[in-house]
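Student: Mind looking over this structure? Questions follow.
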Amino acid sequence: MKIFPSLISKEYEVRVYSPLHIGAGIVVNSYPDEDIKMLEEMAGKVRRHIIEMIYGAGSGHPGGSLSATDVLVALYFMEMNHKADDPKWEDRDRFVLSKGHAAPTLYACLAESGYFPVDELKTIRKIGSRLQGHPDMRKTPGVEASTGSEGQGLSMGIGMALAAKLDRKKYRTYVMLGDGENNCGQIWEAAMSASQFKIDNLVAIIDRNKLQLDGPTEKIMSLEPLGDKWKAFGWNVIEIEGHNFREILAAFKKAKETKGHPSVIIANTIKGKGVSFMEGAVGFHGKSPSKDEYEKAMKELGGD
Amino acid sequence: MKIFPSLISKEYEVRVYSPLHIGAGIVVNSYPDEDIKMLEEMAGKVRRHIIEMIYGAGSGHPGGSLSATDVLVALYFMEMNHKADDPKWEDRDRFVLSKGHAAPTLYACLAESGYFPVDELKTIRKIGSRLQGHPDMRKTPGVEASTGSEGQGLSMGIGMALAAKLDRKKYRTYVMLGDGENNCGQIWEAAMSASQFKIDNLVAIIDRNKLQLDGPTEKIMSLEPLGDKWKAFGWNVIEIEGHNFREILAAFKKAKETKGHPSVIIANTIKGKGVSFMEGAVGFHGKSPSKDEYEKAMKELGGD
Amino acid sequence: MKKWELKNQRDAFGEALVELGEQRSDIVVASADLSCSVKTGVFAEHFPERHFNFGIAEQNMISACAGFAAAGKTAFASTFAIFVTGRVYDQIRQSVAYPKLDVKIVATHAGITVGGDGATHQMIEDLALMRVLPNMTVIVPADAPETKRAVMAAAEFKGPVYIRLGRANIPVCTDIPECQDFEIGKASIMREGADITLVGTGIMVAKCLEAAEDLKKHKIDAKVINMSTIKPMDEKTLIKAARETGGMVTAEEHNVMVGMGSAVAMTLVENFHVPMKRVGIRDSFGESGTSDELMEKYGLTVDHIVDAAHDVMKRRGR
Amino acid sequence: MKKWELKNQRDAFGEALVELGEQRSDIVVASADLSCSVKTGVFAEHFPERHFNFGIAEQNMISACAGFAAAGKTAFASTFAIFVTGRVYDQIRQSVAYPKLDVKIVATHAGITVGGDGATHQMIEDLALMRVLPNMTVIVPADAPETKRAVMAAAEFKGPVYIRLGRANIPVCTDIPECQDFEIGKASIMREGADITLVGTGIMVAKCLEAAEDLKKHKIDAKVINMSTIKPMDEKTLIKAARETGGMVTAEEHNVMVGMGSAVAMTLVENFHVPMKRVGIRDSFGESGTSDELMEKYGLTVDHIVDAAHDVMKRRGR
Ligand SMILES: Cc1ncc(C[n+]2csc(CCOP(=O)(O)OP(=O)(O)O)c2C)c(N)n1
Ligand SMILES: Cc1ncc(C[n+]2csc(CCOP(=O)(O)OP(=O)(O)O)c2C)c(N)n1
Ligand SMILES: [Mg+2]
Ligand SMILES: [Mg+2]
């Protein structure tokens, strides 16, 4: 499903850093401003859903949900082939939200794509709901993997991507990781094997918001030089600004062009993006806003 | 304990590759040939013990035991401060054999150091023995950590090295890893944290024998560029020929001089080293030799 | 119904850690990017140099604690129950339990009372995992004060200990003389009774006490046992109670397949078999919801205990 | 004593995999640097493109198999029991069991019969770990032929399955009509008897049969049940046997704290309680030694079963 099909064949321009590529660095393309604006509007809508969901549930993870929003909007409304009216369509691209605590972002994208009524979003975390606190592939249409325990999604993506190759299918698999999640050893097991198996139909996206639960990643468990780590594990590394749709889309394109290696997109983001007092605030990793905060957040996000 | 104390203050010469060091590359020193020869003779003795133990037990891991021999001999008979008559001496250097299946090498070094009678070596893997199939710190004097499930020893070493710092003790911690063991995610969790905690009293040694259980590492789960991986994880990387005592000792020295970073020594070795038909033979990863093979091996190793 | 005072087990844990830190310089504490939630952060504030945050790398944390212990420290490792048991079972087994090292694993956010986070965060199997491990001692304090006593006792004890705590504020029920001297391996009788024994652990102890009140109305006089050590189990107290009351109900916020109740069942069949019934989660994962909704849905209320007791009485023809 | 034919369960597993590979193109197989030992290598020879060796990275292997299953494959993941249960418990839980994905975990080298490698390689807790997992089916075939039948049945079955195999060559005891139609969840009665029931699983089934012969000499007529599915447990057959014989002995190469015997105990106390005794490893790690020495030392011989049976008979006053 391409919500904004007009974008597909357009050119766009962006700087991409891709160590495995000779001559990589600049991709010249351009998207019409008005189409990018449509994506941006969708992102605003998704962010408002996130705040409403978490406020309504009284718990959840706003920070990492907001930082991941633009990448997910780009995936669901532009990059991925998928059909809301046929969630199990065999040829659909797969998305695994390895950082499962950003479930609100995923649910908002799925609802806005038409997998279930937007109205159902408010049932998140409530008993009996199809929208669990962390993604549940058995309960929610459109959710491809059950996640929540960090570190496992990239491996799942590897299984899916290898299955695509076995079945000679064209679908691609996208996995979003938290940056803190890069602490998990299993990520590096997966990284090593994806390169070993030459899984070039797999794209990992790191939501590089520089915060994990207890504080800044570079203070808790330093990740830098992060790109060098992935490169040394055999990946094609693309580094972008993760709130810029032109860069996000360029990165997906670059990844698609890369053969023989898996690609990782390091998306530099801001935790809590879009809500001033949540931006870069470690306290909003896993806390629901108060009533005042809720109202202020909605206003900033252009809600009424 | 320095079995060959005459070596301690001598100069030696060797090429060392150490990416984190400015000006690294060459360390000029030299050891008297006759002292190196004594280490070589001890290595021969240890290798003969290994073959006898595994043949006597009818099971065990000759390949990785033989490749690790020279590094362990250098540690136990030259590099480490330890006392066989006081195994719990507080200031002793620690050694963790993370690749626990090379237990025979460790046991031979401990016995030859005097921790227990050399004669006891033949009880390995027998019921009631203090010498278990994999190292058991509760049963065997001199064994610092219980290992066997790969991937855990570096983390243990981190705890020991941090404890030394807390206690303001000078002892150093050495951990030997298999190269295949680098597949384990926990190794990379440990690698990341050792660098985060700036544990410069910790040295990891990778027995880079290019084989894991199912075949060549580069075929099963490719590790290269291995040095780049460790460097990207914040380690001081030293690459040496792991059967050359001059290089081994120079590497330990180089590691000791490195402040603020943990050091990893990639010791390029030959699996099965010293027994022609075991060298590079994947079949001898975990198989005891037949009677004929045993006799041939002992002969090649200078046994009678 | 008695109005309980509510307190948080995690706070009690944090408090105990600080006291221990003051008393003993050989105490070190390890976290895994959840130091605020599990209250090791409180220790970190007081003793920053003895607190180590391993990030989201629980395996490394556990084996590193084994290294600490091998070097003479008493190490506390703490994070959510879901991440400090199954995620690291092999590390606990090989690095800690097998060499009997002095590592204390304190799991918070155990059980379905975790609430909204859902099944992926609701650990209902940890007692099985820790019980089956040779050399492991397993403690489930009934409330906040007992948590503090248990943590202090665990620090005193030489060897691996697992302590299970919840997330929520829970009733204080151990403010009675019988519970003041916490002894590992010793169950406490919270209420005497002659007709049936209710054995609770953790959050379910207070519920057993409430159930006993309820049963009194039906002229059933229930003994209540707080089984705060799951392993080693206080078989003596159990067998005595079985003899005296002739029937037993167990209650735990855990999968009944292999939890405290199954340990009780084994003790009974091999020693003095009486009819019993287990209250607990019947072999299914949890889900999102409020604590109370989930306790109701998964069969963990006072009423469930009362019903189970009636059931056992009926099987005995009474 | 009957002279048993000895066969290897791993060979049977390899054979079954190749047959499955031929029958079904949706079968994929994953190894973790032990493909030769666990016989997935045989499948790899026939179907190299459908075999994936994940190296010494068991966690990645399990979650990747979940990904395979999510994409429509039936995935077999196999390595030593010690590395494919505790090492990856959280991965099995979250990636496989919770979403009920079609992943079959085949563990070889379970138990102390592993021998020389010692405690670190002797998995005696896996049945507890797998039993306590909701949605998991747990199978312990008694010998090589039953292994093949179990693997074929597991492939047919939709959802997560755990199969436990040993290392050694073991007696073929299921070459009887009662065992030919392997059905998951169905125990088979290997021998009728009126005085006591011996329930064995895995390698202990043949020993129960031998024990029954021995008991005959003492005029005790023992029924023998092969409990090849540990979960779901065939409670009907168990309860019926308890009613008919009034006493029970269980035997397993596993920690008795939380194994097959404890599952049987629970069924009994909650349904029809009879005296019972569990034969198994009494909550300690193993060690290096030969299989036979270890079976003797850790209480897993025919004599141990016979003694337990006498014990139960005595408790019943017979
Ligand atoms: C294995 C595991 N350990 C701990 C947690 C608890 N936890 C949830 S989110 C989080 C921090 C995640 O940081 P990051 O990956 O950077 O996510 P983001 O910043 O995008 O929210 C932690 C520790 C978990 N979900 N899984
Ligand atoms: C976690 C774990 N998985 C599997 C094994 C089984 N195993 C023992 S040795 C070995 C191969 C090790 O290869 P490497 O680390 O290169 O050791 P070396 O070549 O030095 O013998 C494997 C897979 C193990 N011991 N631990
Ligand atoms: Mg982050
Ligand atoms: Mg190797």
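Chain labels follow the order of the structure tokens: the first chain is A, the next B, and so on; residue numbering restarts at 1 in every chain, and ligands are counted from 1 in their shown order.
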Dump as a ChimeraX atom specification the residues of chain B that approach chain A to within 9 Å, counting only C-alpha atoms.
Tutor: /B:183-190,192-193,195-197,218-234
Student: Give me the least-squares superposed chain C (reference chain D; all C-alpha atoms paired in order) as a short mmCIF file (atom, residue, chain, number, x, y, z; two decimals) with C-alpha atoms, in the first residue's frame.
Tutor:
```
data_model
loop_
_atom_site.label_atom_id
_atom_site.label_comp_id
_atom_site.auth_asym_id
_atom_site.auth_seq_id
_atom_site.Cartn_x
_atom_site.Cartn_y
_atom_site.Cartn_z
CA MET C 1 17.56 -59.92 31.95
CA LYS C 2 16.31 -59.16 28.46
CA LYS C 3 19.06 -58.39 25.98
CA TRP C 4 18.16 -55.08 24.45
CA GLU C 5 19.04 -53.90 21.00
CA LEU C 6 20.79 -50.55 21.27
CA LYS C 7 20.11 -47.65 18.93
CA ASN C 8 20.82 -43.96 18.80
CA GLN C 9 18.06 -41.38 19.09
CA ARG C 10 20.07 -38.79 17.20
CA ASP C 11 20.40 -41.00 14.19
CA ALA C 12 16.67 -41.52 14.22
CA PHE C 13 16.23 -37.76 14.38
CA GLY C 14 18.51 -37.24 11.39
CA GLU C 15 16.61 -39.88 9.45
CA ALA C 16 13.28 -38.29 10.26
CA LEU C 17 14.56 -34.88 9.17
CA VAL C 18 15.61 -36.18 5.79
CA GLU C 19 12.24 -37.81 5.27
CA LEU C 20 10.50 -34.63 6.26
CA GLY C 21 12.73 -32.65 3.96
CA GLU C 22 11.71 -34.87 1.11
CA GLN C 23 8.03 -34.73 1.92
CA ARG C 24 7.76 -31.04 2.62
CA SER C 25 9.49 -28.11 1.04
CA ASP C 26 8.49 -25.84 3.91
CA ILE C 27 10.78 -27.56 6.41
CA VAL C 28 13.90 -25.63 7.38
CA VAL C 29 16.55 -26.74 9.85
CA ALA C 30 18.80 -24.66 12.06
CA SER C 31 22.01 -25.65 13.81
CA ALA C 32 24.38 -23.95 16.20
CA ASP C 33 27.87 -25.23 15.38
CA LEU C 34 26.98 -28.76 16.44
CA SER C 35 25.37 -30.02 13.26
CA CYS C 36 27.49 -33.16 13.16
CA SER C 37 26.77 -34.15 16.76
CA VAL C 38 23.05 -33.49 16.61
CA LYS C 39 22.62 -34.99 13.14
CA THR C 40 21.12 -31.95 11.49
CA GLY C 41 24.23 -32.32 9.35
CA VAL C 42 22.49 -35.24 7.65
CA PHE C 43 19.69 -32.93 6.60
CA ALA C 44 22.26 -30.35 5.50
CA GLU C 45 23.84 -32.87 3.16
CA HIS C 46 20.52 -33.49 1.46
CA PHE C 47 19.12 -30.00 1.55
CA PRO C 48 21.98 -27.54 1.92
CA GLU C 49 19.85 -24.57 0.93
CA ARG C 50 17.36 -25.27 3.71
CA HIS C 51 19.90 -25.73 6.47
CA PHE C 52 21.23 -22.74 8.37
CA ASN C 53 24.17 -22.91 10.71
CA PHE C 54 24.02 -20.01 13.12
CA GLY C 55 27.36 -20.75 14.73
CA ILE C 56 27.67 -20.55 18.49
CA ALA C 57 24.73 -18.17 18.69
CA GLU C 58 21.78 -20.10 20.00
CA GLN C 59 19.70 -17.04 20.83
CA ASN C 60 19.86 -15.79 17.29
CA MET C 61 19.04 -19.28 16.05
CA ILE C 62 15.83 -19.53 18.06
CA SER C 63 14.48 -16.09 17.21
CA ALA C 64 15.43 -16.57 13.56
CA CYS C 65 13.42 -19.79 13.60
CA ALA C 66 10.52 -17.76 14.93
CA GLY C 67 10.97 -15.51 11.89
CA PHE C 68 11.01 -18.53 9.60
CA ALA C 69 7.79 -19.75 11.14
CA ALA C 70 6.18 -16.32 10.91
CA ALA C 71 6.96 -16.49 7.20
CA GLY C 72 5.22 -19.83 6.84
CA LYS C 73 7.99 -22.35 7.43
CA THR C 74 8.14 -25.18 9.90
CA ALA C 75 11.50 -24.70 11.54
CA PHE C 76 13.54 -27.28 13.43
CA ALA C 77 16.20 -25.88 15.73
CA SER C 78 18.57 -28.35 17.24
CA THR C 79 21.60 -28.38 19.47
CA PHE C 80 22.65 -29.80 22.84
CA ALA C 81 19.89 -29.65 25.47
CA ILE C 82 22.03 -27.43 27.68
CA PHE C 83 22.32 -24.80 24.95
CA VAL C 84 18.83 -24.96 23.50
CA THR C 85 16.84 -24.45 26.68
CA GLY C 86 18.34 -22.37 29.48
CA ARG C 87 20.61 -20.42 27.16
CA VAL C 88 17.64 -19.34 25.09
CA TYR C 89 14.71 -19.52 27.46
CA ASP C 90 13.65 -15.94 26.88
CA GLN C 91 13.91 -16.34 23.11
CA ILE C 92 11.79 -19.48 23.21
CA ARG C 93 9.32 -17.75 25.47
CA GLN C 94 8.95 -14.46 23.66
CA SER C 95 9.70 -15.32 20.03
CA VAL C 96 8.21 -18.82 19.88
CA ALA C 97 5.87 -19.88 22.67
CA TYR C 98 3.98 -16.64 23.21
CA PRO C 99 3.07 -16.26 19.51
CA LYS C 100 2.61 -20.06 19.20
CA LEU C 101 4.92 -20.29 16.21
CA ASP C 102 5.69 -23.48 14.40
CA VAL C 103 9.16 -24.08 15.78
CA LYS C 104 10.34 -27.51 16.87
CA ILE C 105 13.19 -27.51 19.33
CA VAL C 106 15.09 -30.77 19.33
CA ALA C 107 17.55 -31.08 22.18
CA THR C 108 20.16 -33.79 22.11
CA HIS C 109 22.70 -34.79 24.78
CA ALA C 110 20.19 -34.28 27.59
CA GLY C 111 20.80 -35.65 31.05
CA ILE C 112 23.80 -37.02 32.88
CA THR C 113 24.40 -39.81 30.37
CA VAL C 114 26.39 -37.15 28.49
CA GLY C 115 29.22 -38.51 30.61
CA GLY C 116 32.74 -37.08 30.46
CA ASP C 117 31.90 -33.48 29.60
CA GLY C 118 30.58 -33.07 33.13
CA ALA C 119 28.03 -30.91 34.90
CA THR C 120 28.27 -27.92 32.57
CA HIS C 121 27.00 -30.07 29.72
CA GLN C 122 24.53 -32.28 31.61
CA MET C 123 21.11 -30.69 31.32
CA ILE C 124 18.84 -32.03 34.04
CA GLU C 125 16.43 -29.10 34.24
CA ASP C 126 15.06 -28.78 30.73
CA LEU C 127 11.75 -30.49 31.42
CA ALA C 128 11.00 -27.93 34.10
CA LEU C 129 11.90 -25.06 31.82
CA MET C 130 9.82 -26.31 28.93
CA ARG C 131 6.90 -27.53 31.02
CA VAL C 132 6.35 -24.23 32.74
CA LEU C 133 6.12 -22.44 29.39
CA PRO C 134 2.53 -21.91 28.32
CA ASN C 135 1.80 -23.16 24.78
CA MET C 136 4.72 -25.58 24.81
CA THR C 137 4.40 -29.28 24.06
CA VAL C 138 7.10 -31.45 25.60
CA ILE C 139 8.06 -34.88 24.33
CA VAL C 140 10.65 -37.33 25.62
CA PRO C 141 10.89 -40.37 23.35
CA ALA C 142 11.85 -43.61 25.02
CA ASP C 143 14.17 -44.87 22.30
CA ALA C 144 15.29 -44.42 18.71
CA PRO C 145 12.19 -45.72 16.90
CA GLU C 146 9.93 -43.62 19.08
CA THR C 147 12.18 -40.64 18.37
CA LYS C 148 11.44 -40.93 14.71
CA ARG C 149 7.72 -41.24 15.33
CA ALA C 150 7.80 -38.28 17.69
CA VAL C 151 9.67 -36.06 15.25
CA MET C 152 7.22 -36.89 12.48
CA ALA C 153 4.29 -36.19 14.80
CA ALA C 154 5.82 -32.92 15.93
CA ALA C 155 6.22 -31.79 12.33
CA GLU C 156 2.57 -32.56 11.74
CA PHE C 157 1.49 -30.71 14.87
CA LYS C 158 1.01 -26.94 14.54
CA GLY C 159 2.87 -24.99 17.18
CA PRO C 160 5.93 -25.08 19.44
CA VAL C 161 7.25 -28.49 20.43
CA TYR C 162 10.23 -29.47 22.54
CA ILE C 163 11.75 -32.92 22.01
CA ARG C 164 14.37 -34.28 24.37
CA LEU C 165 16.94 -36.81 23.20
CA GLY C 166 20.01 -38.38 24.73
CA ARG C 167 23.55 -38.86 23.48
CA ALA C 168 24.12 -42.56 24.01
CA ASN C 169 22.91 -45.67 22.25
CA ILE C 170 19.94 -46.86 24.24
CA PRO C 171 17.69 -49.92 24.40
CA VAL C 172 14.93 -50.24 21.86
CA CYS C 173 11.84 -50.88 23.94
CA THR C 174 8.97 -49.47 21.90
CA ASP C 175 8.94 -52.22 19.30
CA ILE C 176 5.55 -53.31 20.58
CA PRO C 177 2.12 -52.74 19.04
CA GLU C 178 1.07 -50.33 21.83
CA CYS C 179 3.70 -47.85 20.74
CA GLN C 180 3.34 -47.84 17.00
CA ASP C 181 0.83 -45.05 16.62
CA PHE C 182 2.56 -42.19 18.30
CA GLU C 183 0.07 -39.65 19.49
CA ILE C 184 1.15 -36.46 21.22
CA GLY C 185 -0.35 -36.35 24.69
CA LYS C 186 -0.99 -40.07 24.89
CA ALA C 187 0.98 -42.29 27.25
CA SER C 188 1.43 -45.93 26.33
CA ILE C 189 1.03 -48.83 28.67
CA MET C 190 4.04 -50.99 28.07
CA ARG C 191 3.11 -53.71 30.52
CA GLU C 192 -0.05 -54.41 32.46
CA GLY C 193 0.08 -54.92 36.20
CA ALA C 194 -2.17 -54.66 39.21
CA ASP C 195 -0.03 -53.85 42.24
CA ILE C 196 1.87 -50.70 41.41
CA THR C 197 2.51 -48.39 38.46
CA LEU C 198 5.97 -47.50 37.23
CA VAL C 199 5.94 -44.36 35.10
CA GLY C 200 9.08 -43.86 33.07
CA THR C 201 10.15 -41.34 30.49
CA GLY C 202 13.01 -41.40 27.98
CA ILE C 203 15.86 -43.67 28.82
CA MET C 204 14.13 -44.72 32.06
CA VAL C 205 11.26 -46.54 30.34
CA ALA C 206 13.41 -49.56 29.53
CA LYS C 207 14.68 -49.50 33.07
CA CYS C 208 11.11 -49.51 34.39
CA LEU C 209 10.41 -52.58 32.27
CA GLU C 210 13.45 -54.29 33.75
CA ALA C 211 12.37 -53.24 37.22
CA ALA C 212 8.95 -54.76 36.59
CA GLU C 213 10.61 -58.08 35.74
CA ASP C 214 12.56 -57.88 38.93
CA LEU C 215 9.49 -57.03 41.00
CA LYS C 216 7.71 -60.05 39.57
CA LYS C 217 10.22 -62.20 41.40
CA HIS C 218 8.94 -60.58 44.58
CA LYS C 219 5.36 -61.28 43.56
CA ILE C 220 4.70 -57.65 42.78
CA ASP C 221 2.84 -57.16 39.56
CA ALA C 222 3.85 -53.79 38.12
CA LYS C 223 2.18 -51.82 35.38
CA VAL C 224 4.63 -49.79 33.27
CA ILE C 225 3.70 -46.55 31.55
CA ASN C 226 5.82 -44.81 28.94
CA MET C 227 5.12 -41.15 29.56
CA SER C 228 6.53 -39.94 26.26
CA THR C 229 4.60 -36.70 26.28
CA ILE C 230 5.39 -34.73 29.41
CA LYS C 231 3.11 -31.89 28.42
CA PRO C 232 0.21 -32.12 27.95
CA MET C 233 0.26 -34.99 30.38
CA ASP C 234 -2.02 -37.94 29.83
CA GLU C 235 -3.86 -37.49 33.10
CA LYS C 236 -6.57 -39.95 32.20
CA THR C 237 -4.17 -42.84 31.85
CA LEU C 238 -2.37 -41.76 35.01
CA ILE C 239 -5.48 -41.48 37.16
CA LYS C 240 -6.78 -44.78 35.87
CA ALA C 241 -3.50 -46.45 36.73
CA ALA C 242 -3.52 -44.85 40.18
CA ARG C 243 -7.01 -46.20 40.79
CA GLU C 244 -6.13 -49.65 39.52
CA THR C 245 -2.81 -50.09 41.26
CA GLY C 246 -2.96 -47.75 44.24
CA GLY C 247 0.69 -46.73 44.16
CA MET C 248 3.12 -45.11 41.83
CA VAL C 249 6.81 -44.73 41.11
CA THR C 250 8.13 -42.27 38.54
CA ALA C 251 11.56 -42.46 36.93
CA GLU C 252 13.33 -39.78 34.90
CA GLU C 253 16.87 -38.71 34.03
CA HIS C 254 16.16 -35.25 35.38
CA ASN C 255 16.15 -33.23 38.55
CA VAL C 256 13.20 -34.65 40.49
CA MET C 257 12.58 -31.22 42.02
CA VAL C 258 10.56 -30.21 38.99
CA GLY C 259 10.38 -32.88 36.36
CA MET C 260 7.98 -35.49 35.07
CA GLY C 261 7.52 -36.92 38.54
CA SER C 262 6.39 -33.61 39.95
CA ALA C 263 3.82 -33.33 37.18
CA VAL C 264 2.55 -36.77 38.07
CA ALA C 265 2.44 -35.82 41.74
CA MET C 266 0.27 -32.83 40.95
CA THR C 267 -2.12 -34.89 38.93
CA LEU C 268 -2.42 -37.31 41.80
CA VAL C 269 -2.95 -34.89 44.68
CA GLU C 270 -5.60 -33.00 42.79
CA ASN C 271 -7.42 -36.06 41.51
CA PHE C 272 -6.75 -39.40 43.11
CA HIS C 273 -4.00 -39.35 45.64
CA VAL C 274 -1.99 -42.49 46.15
CA PRO C 275 1.44 -42.87 47.72
CA MET C 276 4.20 -42.35 45.24
CA LYS C 277 7.93 -42.04 45.01
CA ARG C 278 10.08 -40.27 42.46
CA VAL C 279 13.27 -41.74 41.08
CA GLY C 280 15.55 -39.14 39.56
CA ILE C 281 18.44 -36.83 40.28
CA ARG C 282 17.98 -35.37 43.70
CA ASP C 283 18.62 -31.72 43.07
CA SER C 284 22.32 -31.73 42.37
CA PHE C 285 24.47 -31.07 39.35
CA GLY C 286 26.13 -33.99 37.62
CA GLU C 287 29.83 -34.58 37.05
CA SER C 288 32.26 -36.33 34.73
CA GLY C 289 32.18 -40.11 34.54
CA THR C 290 30.84 -42.88 32.36
CA SER C 291 27.10 -43.06 31.74
CA ASP C 292 26.78 -46.18 33.84
CA GLU C 293 28.80 -44.85 36.74
CA LEU C 294 26.73 -41.71 36.78
CA MET C 295 23.40 -43.53 36.55
CA GLU C 296 24.49 -45.56 39.55
CA LYS C 297 25.80 -42.60 41.54
CA TYR C 298 22.83 -40.37 40.84
CA GLY C 299 20.24 -43.02 41.61
CA LEU C 300 18.95 -43.96 38.19
CA THR C 301 19.35 -47.74 38.01
CA VAL C 302 16.82 -50.52 37.86
CA ASP C 303 17.57 -51.21 41.50
CA HIS C 304 16.64 -47.69 42.45
CA ILE C 305 13.26 -48.16 40.79
CA VAL C 306 12.76 -51.50 42.48
CA ASP C 307 13.65 -50.05 45.87
CA ALA C 308 11.27 -47.16 45.34
CA ALA C 309 8.51 -49.61 44.46
CA HIS C 310 9.11 -51.61 47.64
CA ASP C 311 9.02 -48.37 49.55
CA VAL C 312 5.67 -47.39 48.15
CA MET C 313 4.29 -50.89 48.81
CA LYS C 314 5.48 -50.62 52.38
CA ARG C 315 3.81 -47.23 52.86
CA ARG C 316 0.61 -48.90 51.77
CA GLY C 317 1.15 -51.60 54.37
CA ARG C 318 1.84 -54.34 51.88
#
```
Student: I'd like the contact shell of Gly64 of chain B - 10 Å cut-off, only C-alpha atoms, skipping same-chain residues fewer than 6 positions apart - returned as a PyMOL selection string.
Tutor: chain B and resi 99-105+178+207-209+211-213+269-273+284-286
Student: Enumerate the residues of segment 8-249 of chain A with a DSSP assignment of strand (DSSP E or B), computed from the backbone, and present them as a ChimeraX atom specification.
Tutor: /A:14-15,17,26-27,94-97,173-178,202-208,211,216,236-241
Student: For chain A, list the residues within 9 Å of chain D, counting only C-alpha atoms, and write the list as a count of residues only.
Tutor: 31
Student: Could you please write out, as a ChimeraX atom specification, every residue of segment 56-174 of chain C that DSSP assigns to alpha helix (DSSP H)?
Tutor: /C:58-70,89-91,126-131,144-156
Student: Go through B:Ile50, B:Ala84, B:Ala57, B:Met176 one by one, measure the shortest atom-to-atom distance of each to ligand 2 using only C-alpha atoms and all ligand atoms, and give the residue with the smallest value.
Tutor: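 Going through B:Ile50, B:Ala84, B:Ala57, B:Met176 one by one, the smallest distance to ligand 2 is for B:Met176.
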Student: Between A:Ile266, A:Ile124, A:Ile36, A:Leu66, single out the one closest to ligand 1, counting only C-alpha atoms and all ligand atoms.
Tutor: A:Leu66
